[in-house]
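Below is protein.cif, holding mmCIF, C-alpha atoms.
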data_work
loop_
_atom_site.label_atom_id
_atom_site.label_comp_id
_atom_site.auth_asym_id
_atom_site.auth_seq_id
_atom_site.Cartn_x
_atom_site.Cartn_y
_atom_site.Cartn_z
CA MET A 1 -22.24 -7.35 18.97
CA ALA A 2 -22.84 -3.85 17.61
CA ALA A 3 -21.80 -3.17 14.02
CA PRO A 4 -18.92 -0.71 13.64
CA THR A 5 -19.94 2.85 12.89
CA THR A 6 -18.50 4.89 10.03
CA SER A 7 -16.17 6.69 12.43
CA HIS A 8 -14.94 3.34 13.76
CA LYS A 9 -14.25 2.13 10.23
CA LEU A 10 -12.33 5.30 9.36
CA GLY A 11 -10.39 5.07 12.60
CA ALA A 12 -9.44 1.48 11.81
CA GLU A 13 -8.30 2.49 8.32
CA ALA A 14 -6.18 5.31 9.73
CA LEU A 15 -4.59 3.03 12.34
CA GLY A 16 -3.92 0.26 9.82
CA THR A 17 -2.34 2.62 7.30
CA PHE A 18 -0.28 4.25 10.06
CA TRP A 19 1.00 0.81 11.06
CA LEU A 20 1.84 -0.11 7.46
CA VAL A 21 3.90 3.05 6.89
CA LEU A 22 5.57 3.05 10.29
CA GLY A 23 6.42 -0.65 10.12
CA GLY A 24 7.33 -0.92 6.45
CA VAL A 25 8.91 2.42 5.63
CA GLY A 26 10.27 2.65 9.16
CA THR A 27 12.21 -0.56 8.61
CA ALA A 28 13.56 0.79 5.31
CA VAL A 29 14.62 4.11 6.84
CA LEU A 30 15.90 2.97 10.22
CA ALA A 31 17.16 -0.54 9.54
CA GLY A 32 17.54 -0.90 5.78
CA GLY A 33 20.98 0.60 5.37
CA GLU A 34 24.38 -1.07 5.31
CA GLY A 35 24.49 -3.74 7.98
CA GLY A 36 20.73 -3.63 8.34
CA VAL A 37 17.97 -6.05 7.40
CA GLY A 38 18.33 -5.60 3.62
CA THR A 39 15.72 -6.08 0.93
CA LEU A 40 14.35 -9.29 2.41
CA GLY A 41 13.87 -7.68 5.82
CA ILE A 42 12.11 -4.66 4.36
CA ALA A 43 9.84 -6.88 2.26
CA LEU A 44 8.95 -8.95 5.33
CA ALA A 45 8.27 -5.80 7.35
CA PHE A 46 5.70 -4.58 4.82
CA GLY A 47 4.11 -8.02 4.66
CA LEU A 48 3.96 -8.32 8.45
CA THR A 49 2.31 -4.94 8.88
CA VAL A 50 -0.47 -5.91 6.48
CA LEU A 51 -0.82 -9.38 7.97
CA THR A 52 -1.10 -8.11 11.54
CA GLY A 53 -3.19 -5.09 10.54
CA ALA A 54 -5.62 -7.27 8.61
CA TYR A 55 -6.39 -9.35 11.68
CA ALA A 56 -6.41 -6.38 14.07
CA PHE A 57 -8.45 -3.90 12.03
CA GLY A 58 -9.88 -5.88 9.12
CA PRO A 59 -12.97 -7.03 11.03
CA ILE A 60 -13.85 -3.36 11.57
CA SER A 61 -13.10 -1.65 8.25
CA GLY A 62 -12.25 -4.45 5.84
CA GLY A 63 -8.53 -3.70 6.20
CA HIS A 64 -7.85 -1.75 3.00
CA PHE A 65 -5.01 0.52 4.31
CA ASN A 66 -4.46 1.57 0.70
CA PRO A 67 -6.46 3.82 -1.66
CA ALA A 68 -5.70 1.47 -4.56
CA VAL A 69 -7.29 -1.43 -2.68
CA THR A 70 -10.36 0.72 -2.03
CA VAL A 71 -10.55 1.60 -5.74
CA GLY A 72 -10.16 -2.03 -6.76
CA LEU A 73 -12.83 -3.26 -4.39
CA ALA A 74 -15.23 -0.52 -5.44
CA THR A 75 -14.59 -1.21 -9.13
CA ALA A 76 -15.35 -4.88 -8.50
CA LYS A 77 -18.56 -3.85 -6.69
CA ARG A 78 -17.34 -5.27 -3.40
CA PHE A 79 -17.28 -1.84 -1.74
CA ASP A 80 -19.62 1.13 -2.04
CA TRP A 81 -18.15 4.07 -3.98
CA LYS A 82 -19.92 6.52 -1.67
CA ASP A 83 -17.71 5.35 1.21
CA ALA A 84 -14.48 5.63 -0.78
CA PRO A 85 -13.67 9.34 -0.15
CA GLY A 86 -13.77 8.83 3.61
CA TYR A 87 -11.48 5.81 3.32
CA PHE A 88 -9.06 7.77 1.11
CA ALA A 89 -8.92 10.59 3.67
CA ALA A 90 -8.40 8.21 6.62
CA GLN A 91 -5.66 6.32 4.79
CA LEU A 92 -3.84 9.51 3.85
CA VAL A 93 -4.08 10.88 7.39
CA GLY A 94 -2.75 7.63 8.86
CA ALA A 95 0.13 7.51 6.38
CA THR A 96 1.05 11.16 6.90
CA VAL A 97 1.00 10.94 10.69
CA ALA A 98 3.21 7.85 10.46
CA GLY A 99 5.56 9.73 8.15
CA GLY A 100 5.74 12.55 10.69
CA VAL A 101 6.45 10.19 13.59
CA LEU A 102 9.12 8.43 11.54
CA TYR A 103 10.67 11.77 10.59
CA VAL A 104 10.98 12.79 14.24
CA ILE A 105 12.60 9.45 15.11
CA ALA A 106 14.99 9.48 12.14
CA ASP A 107 15.94 13.10 12.81
CA GLY A 108 17.31 11.97 16.17
CA ALA A 109 20.41 10.65 14.39
CA ASP A 110 23.22 13.08 13.61
CA GLY A 111 23.42 14.05 9.96
CA PHE A 112 19.95 12.85 9.00
CA ASP A 113 18.58 14.55 5.87
CA ALA A 114 15.19 13.36 4.62
CA SER A 115 15.70 14.68 1.10
CA ALA A 116 19.26 13.39 0.68
CA SER A 117 18.43 9.97 2.12
CA GLY A 118 15.18 9.65 0.17
CA PHE A 119 13.33 8.86 3.41
CA GLY A 120 11.88 5.64 2.03
CA THR A 121 10.21 7.37 -0.91
CA ASN A 122 9.51 5.83 -4.29
CA GLY A 123 11.12 7.08 -7.49
CA TYR A 124 12.23 6.54 -11.06
CA GLY A 125 15.33 7.52 -13.01
CA ASP A 126 17.93 8.97 -10.65
CA HIS A 127 15.62 8.24 -7.70
CA SER A 128 15.12 4.57 -8.58
CA PRO A 129 17.30 2.23 -6.48
CA GLY A 130 18.36 0.45 -9.67
CA GLY A 131 18.12 3.41 -12.05
CA TYR A 132 14.96 2.13 -13.74
CA SER A 133 13.09 4.27 -16.25
CA LEU A 134 9.70 5.91 -15.82
CA LEU A 135 8.12 3.37 -18.20
CA ALA A 136 9.57 0.43 -16.26
CA VAL A 137 8.23 1.87 -13.02
CA ILE A 138 4.75 2.50 -14.45
CA ILE A 139 4.50 -1.06 -15.77
CA THR A 140 5.80 -2.48 -12.49
CA GLU A 141 3.29 -0.55 -10.39
CA ILE A 142 0.31 -1.32 -12.62
CA VAL A 143 1.02 -5.04 -12.92
CA LEU A 144 1.96 -5.67 -9.29
CA THR A 145 -0.98 -3.66 -7.94
CA ALA A 146 -3.33 -5.57 -10.22
CA PHE A 147 -1.99 -8.89 -8.95
CA PHE A 148 -2.18 -7.68 -5.36
CA LEU A 149 -5.89 -7.05 -5.94
CA TYR A 150 -6.34 -10.41 -7.69
CA VAL A 151 -4.96 -12.07 -4.56
CA ILE A 152 -7.21 -9.99 -2.31
CA PHE A 153 -10.28 -10.82 -4.40
CA GLY A 154 -9.43 -14.51 -4.38
CA VAL A 155 -8.71 -14.97 -0.69
CA THR A 156 -11.68 -12.88 0.48
CA ALA A 157 -14.20 -14.62 -1.79
CA LYS A 158 -17.02 -16.66 -0.28
CA ARG A 159 -15.54 -19.76 -1.94
CA ALA A 160 -12.12 -19.23 -0.31
CA ALA A 161 -10.89 -20.97 2.85
CA VAL A 162 -12.01 -19.03 5.90
CA GLY A 163 -9.52 -17.35 8.20
CA PHE A 164 -6.42 -17.29 6.00
CA ALA A 165 -6.93 -14.08 4.02
CA GLY A 166 -4.60 -11.96 6.15
CA ILE A 167 -1.74 -14.45 5.78
CA ALA A 168 -2.09 -14.67 2.00
CA ILE A 169 -2.38 -10.91 1.58
CA GLY A 170 0.65 -10.26 3.80
CA LEU A 171 2.75 -12.80 1.92
CA ALA A 172 1.61 -11.36 -1.42
CA LEU A 173 2.80 -7.91 -0.35
CA THR A 174 6.10 -9.41 0.78
CA LEU A 175 6.58 -11.00 -2.64
CA ILE A 176 5.66 -7.75 -4.38
CA HIS A 177 8.37 -5.94 -2.44
CA LEU A 178 10.96 -8.60 -3.23
CA ILE A 179 10.23 -8.06 -6.92
CA SER A 180 10.06 -4.29 -7.02
CA ILE A 181 12.19 -2.75 -4.27
CA PRO A 182 15.13 -2.56 -6.74
CA VAL A 183 12.88 -0.95 -9.35
CA ASP A 184 11.24 1.90 -7.42
CA GLY A 185 11.27 1.09 -3.71
CA THR A 186 7.77 -0.42 -4.13
CA SER A 187 4.60 1.54 -3.75
CA VAL A 188 1.40 -0.25 -4.90
CA ASN A 189 -0.14 2.16 -2.38
CA PRO A 190 -0.62 5.90 -2.99
CA ALA A 191 -1.01 6.66 0.72
CA ARG A 192 2.27 4.93 1.55
CA SER A 193 4.03 7.00 -1.10
CA LEU A 194 2.48 10.35 -0.18
CA GLY A 195 2.87 9.79 3.55
CA VAL A 196 6.66 10.08 3.35
CA ALA A 197 7.06 12.17 0.18
CA TRP A 198 5.72 15.23 2.03
CA PHE A 199 8.77 15.10 4.29
CA ALA A 200 11.40 14.32 1.65
CA GLY A 201 10.13 17.11 -0.63
CA GLY A 202 11.83 18.25 -3.84
CA ASP A 203 12.10 15.68 -6.64
CA HIS A 204 10.74 12.97 -4.35
CA LEU A 205 7.45 14.82 -4.03
CA ALA A 206 7.50 15.82 -7.71
CA GLN A 207 7.65 12.14 -8.75
CA VAL A 208 4.90 10.93 -6.44
CA TRP A 209 2.20 11.36 -9.10
CA VAL A 210 3.37 8.10 -10.68
CA PHE A 211 2.77 6.26 -7.43
CA ILE A 212 -0.73 7.67 -7.16
CA LEU A 213 -1.80 7.08 -10.76
CA ALA A 214 -0.20 3.72 -11.64
CA PRO A 215 -1.44 1.76 -8.60
CA VAL A 216 -4.96 3.12 -9.08
CA ILE A 217 -4.91 2.04 -12.74
CA GLY A 218 -3.67 -1.42 -11.79
CA ALA A 219 -6.33 -1.78 -9.10
CA ALA A 220 -9.11 -0.67 -11.47
CA ILE A 221 -7.93 -3.15 -14.12
CA ALA A 222 -8.10 -5.95 -11.56
CA GLY A 223 -11.52 -4.83 -10.40
CA VAL A 224 -12.90 -4.90 -13.93
CA THR A 225 -11.27 -8.14 -15.09
CA HIS A 226 -11.16 -10.48 -12.10
CA ALA A 227 -14.65 -11.90 -12.46
CA MET A 228 -14.25 -12.09 -16.25
CA ILE A 229 -11.18 -14.28 -15.86
CA VAL A 230 -12.10 -16.55 -12.93
CA GLY A 231 -15.86 -16.24 -12.77
CA GLU A 232 -18.22 -14.64 -10.29
CA ASP A 233 -17.91 -15.47 -6.63
CA SER A 234 -20.24 -18.19 -5.36
CA ASP A 235 -23.22 -17.27 -3.21
#
Written as structure tokens, that's how I'd like the structure from this file.
Amino acid sequence: MAAPTTSHKLGAEALGTFWLVLGGVGTAVLAGGEGGVGTLGIALAFGLTVLTGAYAFGPISGGHFNPAVTVGLATAKRFDWKDAPGYFAAQLVGATVAGGVLYVIADGADGFDASASGFGTNGYGDHSPGGYSLLAVIITEIVLTAFFLYVIFGVTAKRAAVGFAGIAIGLALTLIHLISIPVDGTSVNPARSLGVAWFAGGDHLAQVWVFILAPVIGAAIAGVTHAMIVGEDSD
């Protein structure tokens, strides 16, 4: 079997990130309102997109679908930094195309307004679902992204059980959303945040810097500290 080329890997990353945004944010926008699936349903949708994407595209690209994951893996020396810019670009393209597709679908309903509805964006202060402060949001994003990476490192290690990584990672993302949807709508993924913020615009786009910076910091912390805490992976 031929090894995937760079273009195949980038294509897989774009498709996986597209699926994550369309499935996760799409559930929040189209089915998360009154009478919809609620917080649990949205959390499951994000988890299911990562679980299914990991098995569908992970064997090709590693299944990052998230610039923070790429940063964490590179920081931990499990991914080559020289390949990171291409992954970032593919993830952002996939997320943005998904945001555009979702916008067209959502705009088919009378009275839809991406800015007024928030369009599944992340935010703090007045744009936080629970009115949480900027500091609370920063801490939430750093800590939860770090733990997301700790889970990824653990379940993809050579010493881990084979074949279950996608399930554990998907369930971890579900749990993360259950914790933090009330705080900021949950990011832990800069591409997910940017992919819909373009279309909501205004304050939603102005606040997106937090959801780029904080997840990257959390991922880098995990990348630096994981082996210090639990030891190096076995050969």
- [ ] List the residues matched by the PyMOL selection byres ((chain A and resi 129-141) around 10) in the displayed structure as an NGL selection string, ordered by chain and then by residue number.
- [x] :A and (122-128 or 142-147 or 176 or 179-189 or 207 or 210-219)
- [ ] Counting all atoms listed in the file, note down every residue that has an atom within 7 Å of the point (11.2, -6.7, 0.9) (file coordinates), as a list in words.
- [x]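 The residues that fall inside the cut-off are Thr39, Leu40, Gly41, Ile42, Ala43, Leu44, Thr174, His177, Leu178 and Ile181 of chain A.
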Open item on the list: Give me the residues near His8 in chain A as a PyMOL selection string, where near means some atom within 9 Å (using all atoms listed in the file) and where sequence neighbours in that chain fewer than 4 positions away do not count.
Closed with: chain A and resi 4+12-13+60-61
Open item on the list: Report, in Å with one decimal, the straight-line distance from CA of Tyr55 in chain A to CA of Pro190 in chain A.
Closed with: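 So the answer is 21.9 Å.
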Taking the file above as input, evaluate the PyMOL selection byres ((chain A and resi 32) around 12) and report the hits as a JSON list (two decimals) with C-alpha atoms, keeping the file's coordinate frame.
[["chain", "number", "residue", "atom", "x", "y", "z"],
["A", 23, "GLY", "CA", 6.42, -0.65, 10.12],
["A", 24, "GLY", "CA", 7.33, -0.92, 6.45],
["A", 25, "VAL", "CA", 8.91, 2.42, 5.63],
["A", 26, "GLY", "CA", 10.27, 2.65, 9.16],
["A", 27, "THR", "CA", 12.21, -0.56, 8.61],
["A", 28, "ALA", "CA", 13.56, 0.79, 5.31],
["A", 29, "VAL", "CA", 14.62, 4.11, 6.84],
["A", 30, "LEU", "CA", 15.90, 2.97, 10.22],
["A", 31, "ALA", "CA", 17.16, -0.54, 9.54],
["A", 33, "GLY", "CA", 20.98, 0.60, 5.37],
["A", 34, "GLU", "CA", 24.38, -1.07, 5.31],
["A", 35, "GLY", "CA", 24.49, -3.74, 7.98],
["A", 36, "GLY", "CA", 20.73, -3.63, 8.34],
["A", 37, "VAL", "CA", 17.97, -6.05, 7.40],
["A", 38, "GLY", "CA", 18.33, -5.60, 3.62],
["A", 39, "THR", "CA", 15.72, -6.08, 0.93],
["A", 40, "LEU", "CA", 14.35, -9.29, 2.41],
["A", 41, "GLY", "CA", 13.87, -7.68, 5.82],
["A", 42, "ILE", "CA", 12.11, -4.66, 4.36],
["A", 43, "ALA", "CA", 9.84, -6.88, 2.26],
["A", 44, "LEU", "CA", 8.95, -8.95, 5.33],
["A", 45, "ALA", "CA", 8.27, -5.80, 7.35],
["A", 117, "SER", "CA", 18.43, 9.97, 2.12],
["A", 119, "PHE", "CA", 13.33, 8.86, 3.41],
["A", 120, "GLY", "CA", 11.88, 5.64, 2.03],
["A", 181, "ILE", "CA", 12.19, -2.75, -4.27],
["A", 185, "GLY", "CA", 11.27, 1.09, -3.71]]
For range 62-74 of chain A, find every residue with an atom within 6 Å (counting all atoms listed in the file), except residues of its own chain fewer than 4 positions away, and show them as a PDB file with C-alpha atoms, in the coordinates of the input.
ATOM      1  CA  GLU A  13      -8.300   2.490   8.320  1.00  0.00           C
ATOM      2  CA  GLY A  16      -3.920   0.260   9.820  1.00  0.00           C
ATOM      3  CA  THR A  17      -2.340   2.620   7.300  1.00  0.00           C
ATOM      4  CA  ALA A  54      -5.620  -7.270   8.610  1.00  0.00           C
ATOM      5  CA  PHE A  57      -8.450  -3.900  12.030  1.00  0.00           C
ATOM      6  CA  GLY A  58      -9.880  -5.880   9.120  1.00  0.00           C
ATOM      7  CA  ARG A  78     -17.340  -5.270  -3.400  1.00  0.00           C
ATOM      8  CA  PHE A  79     -17.280  -1.840  -1.740  1.00  0.00           C
ATOM      9  CA  ASP A  80     -19.620   1.130  -2.040  1.00  0.00           C
ATOM     10  CA  TRP A  81     -18.150   4.070  -3.980  1.00  0.00           C
ATOM     11  CA  PHE A  88      -9.060   7.770   1.110  1.00  0.00           C
ATOM     12  CA  GLN A  91      -5.660   6.320   4.790  1.00  0.00           C
ATOM     13  CA  ASN A 189      -0.140   2.160  -2.380  1.00  0.00           C
ATOM     14  CA  PRO A 215      -1.440   1.760  -8.600  1.00  0.00           C
ATOM     15  CA  VAL A 216      -4.960   3.120  -9.080  1.00  0.00           C
ATOM     16  CA  ALA A 219      -6.330  -1.780  -9.100  1.00  0.00           C
ATOM     17  CA  ALA A 220      -9.110  -0.670 -11.470  1.00  0.00           C
ATOM     18  CA  GLY A 223     -11.520  -4.830 -10.400  1.00  0.00           C
TER      19      GLY A 223
END
As an mmCIF file with C-alpha atoms, keeping the file's coordinate frame, please: the residues near Leu51 in chain A (cut-off 8 Å, all atoms listed in the file, same-chain neighbours under 4 positions excluded).
data_model
loop_
_atom_site.group_PDB
_atom_site.id
_atom_site.type_symbol
_atom_site.label_atom_id
_atom_site.label_comp_id
_atom_site.auth_asym_id
_atom_site.auth_seq_id
_atom_site.Cartn_x
_atom_site.Cartn_y
_atom_site.Cartn_z
ATOM 1 C CA GLY A 47 4.110 -8.020 4.660
ATOM 2 C CA TYR A 55 -6.390 -9.350 11.680
ATOM 3 C CA GLY A 166 -4.600 -11.960 6.150
ATOM 4 C CA ILE A 167 -1.740 -14.450 5.780
ATOM 5 C CA ILE A 169 -2.380 -10.910 1.580
ATOM 6 C CA GLY A 170 0.650 -10.260 3.800
ATOM 7 C CA LEU A 171 2.750 -12.800 1.920
#
Task: Computed interatomic separation between CA of Trp209 in chain A and CA of Ala95 in chain A (Å) - done: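 Those two atoms sit 16.1 Å apart.
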Open item on the list: I'd like the neighbourhood of Leu92 in chain A as a list in words, where a residue qualifies if any of its atoms comes within 8 Å (using all atoms listed in the file), though same-chain residues fewer than 3 positions away should be ignored.
Closed with: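 The filter keeps Ala14, Thr17, Phe88, Ala89, Ala95, Thr96, Ala191, Arg192, Leu194 and Gly195 of chain A.
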Residues at most 9 Å from Trp19 in chain A, counting only C-alpha atoms, excluding those fewer than 6 positions away in the same chain, as a PDB file with C-alpha atoms, in the coordinates of the input?
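Saved result, out.pdb, follows:
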ATOM      1  CA  THR A  49       2.310  -4.940   8.880  1.00  0.00           C
ATOM      2  CA  VAL A  50      -0.470  -5.910   6.480  1.00  0.00           C
ATOM      3  CA  GLY A  53      -3.190  -5.090  10.540  1.00  0.00           C
ATOM      4  CA  GLY A  94      -2.750   7.630   8.860  1.00  0.00           C
ATOM      5  CA  ALA A  95       0.130   7.510   6.380  1.00  0.00           C
ATOM      6  CA  ALA A  98       3.210   7.850  10.460  1.00  0.00           C
TER       7      ALA A  98
END
TODO: Give as a list of chain:residue names the residues that the PyMOL selection byres ((chain A and resi 203) around 10) matches when applied to the coordinates above.
DONE: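 Given this file, the PyMOL selection byres ((chain A and resi 203) around 10) evaluates to A:Ser115, A:Gly118, A:Gly123, A:Asp126, A:His127, A:Ala197, A:Ala200, A:Gly201, A:Gly202, A:His204, A:Leu205, A:Ala206, A:Gln207, A:Val208.
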- [ ] May I ask which of the residues A:Phe153, A:Phe148, A:Phe18, A:Phe199 is the closest one to Leu173 in chain A, counting all atoms listed in the file?
- [x]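 Smallest distance to Leu173 in chain A is found for A:Phe148.
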